[in-house]
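Source file: query_38.cif (mmCIF, C-alpha atoms; chains and numbers go by the auth columns)
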```cif
data_upload
#
loop_
_atom_site.group_PDB
_atom_site.id
_atom_site.type_symbol
_atom_site.label_atom_id
_atom_site.label_comp_id
_atom_site.label_asym_id
_atom_site.label_seq_id
_atom_site.Cartn_x
_atom_site.Cartn_y
_atom_site.Cartn_z
_atom_site.B_iso_or_equiv
_atom_site.auth_seq_id
_atom_site.auth_asym_id
ATOM 1 C CA MET A 1 -6.188 -33.115 100.832 0.00 4 B
ATOM 2 C CA GLU A 2 -5.448 -30.380 98.284 0.00 5 B
ATOM 3 C CA ILE A 3 -6.991 -32.468 95.478 0.00 6 B
ATOM 4 C CA GLN A 4 -10.208 -32.884 97.435 0.00 7 B
ATOM 5 C CA ASN A 5 -10.349 -29.126 98.084 0.00 8 B
ATOM 6 C CA ARG A 6 -9.807 -28.404 94.395 0.00 9 B
ATOM 7 C CA LEU A 7 -12.624 -30.745 93.381 0.00 10 B
ATOM 8 C CA ILE A 8 -15.175 -29.033 95.614 0.00 11 B
ATOM 9 C CA ALA A 9 -13.954 -25.445 95.027 0.00 12 B
ATOM 10 C CA PRO A 10 -15.904 -23.245 92.572 0.00 13 B
ATOM 11 C CA THR A 11 -14.787 -23.631 88.961 0.00 14 B
ATOM 12 C CA PRO A 12 -14.095 -20.456 86.922 0.00 15 B
ATOM 13 C CA PRO A 13 -16.537 -19.800 84.048 0.00 16 B
ATOM 14 C CA PHE A 14 -13.913 -20.411 81.342 0.00 17 B
ATOM 15 C CA PHE A 15 -13.123 -23.862 82.687 0.00 18 B
ATOM 16 C CA GLN A 16 -16.831 -24.659 82.998 0.00 19 B
ATOM 17 C CA LYS A 17 -17.053 -24.086 79.229 0.00 20 B
ATOM 18 C CA VAL A 18 -13.947 -26.216 78.624 0.00 21 B
ATOM 19 C CA ARG A 19 -15.475 -29.009 80.734 0.00 22 B
ATOM 20 C CA ALA A 20 -18.747 -28.808 78.778 0.00 23 B
ATOM 21 C CA LEU A 21 -16.832 -28.974 75.485 0.00 24 B
ATOM 22 C CA GLY A 22 -14.884 -31.992 76.726 0.00 25 B
ATOM 23 C CA LEU A 23 -18.103 -33.773 77.683 0.00 26 B
ATOM 24 C CA LEU A 24 -19.531 -32.948 74.248 0.00 27 B
ATOM 25 C CA LEU A 25 -16.478 -34.508 72.571 0.00 28 B
ATOM 26 C CA ILE A 26 -16.861 -37.637 74.698 0.00 29 B
ATOM 27 C CA THR A 27 -20.526 -37.858 73.692 0.00 30 B
ATOM 28 C CA ILE A 28 -19.718 -37.508 69.987 0.00 31 B
ATOM 29 C CA ALA A 29 -17.075 -40.238 70.218 0.00 32 B
ATOM 30 C CA SER A 30 -19.484 -42.522 72.081 0.00 33 B
ATOM 31 C CA VAL A 31 -22.121 -42.048 69.400 0.00 34 B
ATOM 32 C CA ALA A 32 -19.582 -42.860 66.679 0.00 35 B
ATOM 33 C CA TYR A 33 -18.669 -46.098 68.479 0.00 36 B
ATOM 34 C CA GLY A 34 -22.277 -47.030 69.156 0.00 37 B
ATOM 35 C CA LEU A 35 -23.623 -46.694 65.624 0.00 38 B
ATOM 36 C CA PRO A 36 -25.114 -49.934 64.308 0.00 39 B
ATOM 37 C CA VAL A 37 -23.487 -49.462 60.877 0.00 40 B
ATOM 38 C CA GLU A 38 -19.936 -50.346 59.921 0.00 41 B
ATOM 39 C CA LEU A 39 -17.735 -47.249 59.660 0.00 42 B
ATOM 40 C CA PRO A 40 -14.272 -47.013 58.117 0.00 43 B
ATOM 41 C CA PRO A 41 -11.401 -47.769 60.493 0.00 44 B
ATOM 42 C CA CYS A 42 -10.155 -44.175 60.277 0.00 45 B
ATOM 43 C CA ILE A 43 -13.450 -42.970 61.796 0.00 46 B
ATOM 44 C CA HIS A 44 -13.051 -45.357 64.730 0.00 47 B
ATOM 45 C CA GLU A 45 -9.467 -44.229 65.235 0.00 48 B
ATOM 46 C CA LEU A 46 -10.520 -40.578 65.116 0.00 49 B
ATOM 47 C CA ALA A 47 -13.359 -41.246 67.575 0.00 50 B
ATOM 48 C CA GLY A 48 -10.892 -42.808 69.992 0.00 51 B
ATOM 49 C CA GLU A 49 -8.602 -39.799 69.813 0.00 52 B
ATOM 50 C CA VAL A 50 -11.544 -37.427 70.273 0.00 53 B
ATOM 51 C CA ALA A 51 -12.672 -39.419 73.313 0.00 54 B
ATOM 52 C CA VAL A 52 -9.220 -39.177 74.886 0.00 55 B
ATOM 53 C CA ALA A 53 -9.026 -35.438 74.198 0.00 56 B
ATOM 54 C CA GLY A 54 -12.471 -34.878 75.683 0.00 57 B
ATOM 55 C CA THR A 55 -11.638 -36.909 78.766 0.00 58 B
ATOM 56 C CA VAL A 56 -8.444 -34.943 79.372 0.00 59 B
ATOM 57 C CA MET A 57 -10.235 -31.622 78.842 0.00 60 B
ATOM 58 C CA ALA A 58 -13.073 -32.492 81.203 0.00 61 B
ATOM 59 C CA GLY A 59 -10.790 -33.965 83.841 0.00 62 B
ATOM 60 C CA LEU A 60 -8.236 -31.188 83.960 0.00 63 B
ATOM 61 C CA SER A 61 -10.798 -28.393 83.856 0.00 64 B
ATOM 62 C CA GLN A 62 -12.477 -29.832 86.949 0.00 65 B
ATOM 63 C CA PHE A 63 -9.283 -29.181 88.952 0.00 66 B
ATOM 64 C CA ALA A 64 -9.164 -25.460 88.072 0.00 67 B
ATOM 65 C CA LYS A 65 -9.880 -23.348 91.116 0.00 68 B
ATOM 66 C CA GLN A 66 -11.238 -19.823 91.244 0.00 69 B
ATOM 67 C CA SER A 67 -8.858 -17.508 93.098 0.00 70 B
ATOM 68 C CA GLU A 68 -10.259 -15.752 96.099 0.00 71 B
#
```
Translate this structure into structure tokens?
Amino acid sequence: MEIQNRLIAPTPPFFQKVRALGLLLITIASVAYGLPVELPPCIHELAGEVAVAGTVMAGLSQFAKQSE
């Protein structure tokens, strides 16, 4: 039940910015994967790592809870 309470609790402003940055990284990685041109393999590998980092940032920042 604690996880559910953390998800609906207000998020501190710092973690709102971290979540937005994580979503931006996910978007950039998605665009790199969705391009209709062939990119070097290192770009695809980097996009995958950026997507994972963005997902972790966005997911963990959602669980931050503002103290009362």
Review point. Excluding same-chain residues fewer than 4 positions from Asn8 of chain B, what lies within 10 Å of it counting only C-alpha atoms, as an MDAnalysis selection string?
Key: chainID B and resid 4 12:13 66 68
Practice item. Pick out the closest residue to Ile31 of chain B from this set: B:Leu49, B:Ala67, B:Pro16, B:Gln7. Count only C-alpha atoms. Key: B:Leu49
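Here atom CA of Thr14 of chain B stands at a distance of 29.8 Å from atom CA of Ala35 of chain B.
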Point to revise | Resolved residues for the PyMOL selection byres ((chain B and resi 52) around 12) as a VMD selection string | key: chain B and resid 28 to 29 31 to 33 35 to 36 45 to 51 53 to 59
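With atom CA of Thr30 of chain B on one side and atom CA of Gln69 of chain B on the other, the separation reads 26.8 Å.
For the pair atom CA of Gly25 of chain B and atom CA of Leu63 of chain B, the interatomic distance is 9.9 Å.
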Study note, to complete from the structure: Judged by all atoms listed in the file, the minimum distance to Gln19 of chain B among B:Glu5, B:Pro44, B:Ser70, B:Ala61 is found for B:Ala61
Centre and edge lengths, as lines of an AutoDock Vina configuration file, for the axis-aligned box enclosing every listed atom of segment 22-38 of chain B with 8 Å of padding on each of the six sides, in Å to one decimal?
```
center_x = -19.3
center_y = -37.9
center_z = 73.2
size_x = 24.7
size_y = 34.2
size_z = 31.1
```
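Residue nearest Ile11 of chain B, chosen from B:Gln65, B:Met60, B:Pro39, B:Leu24 and counting all atoms listed in the file: B:Gln65.
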Exercise for review: Can you work out which one of B:Val21, B:Leu27, B:Leu38, B:Pro43 has the shortest atom-to-atom distance to Gly62 of chain B, counting only C-alpha atoms?
Suggested key: B:Val21
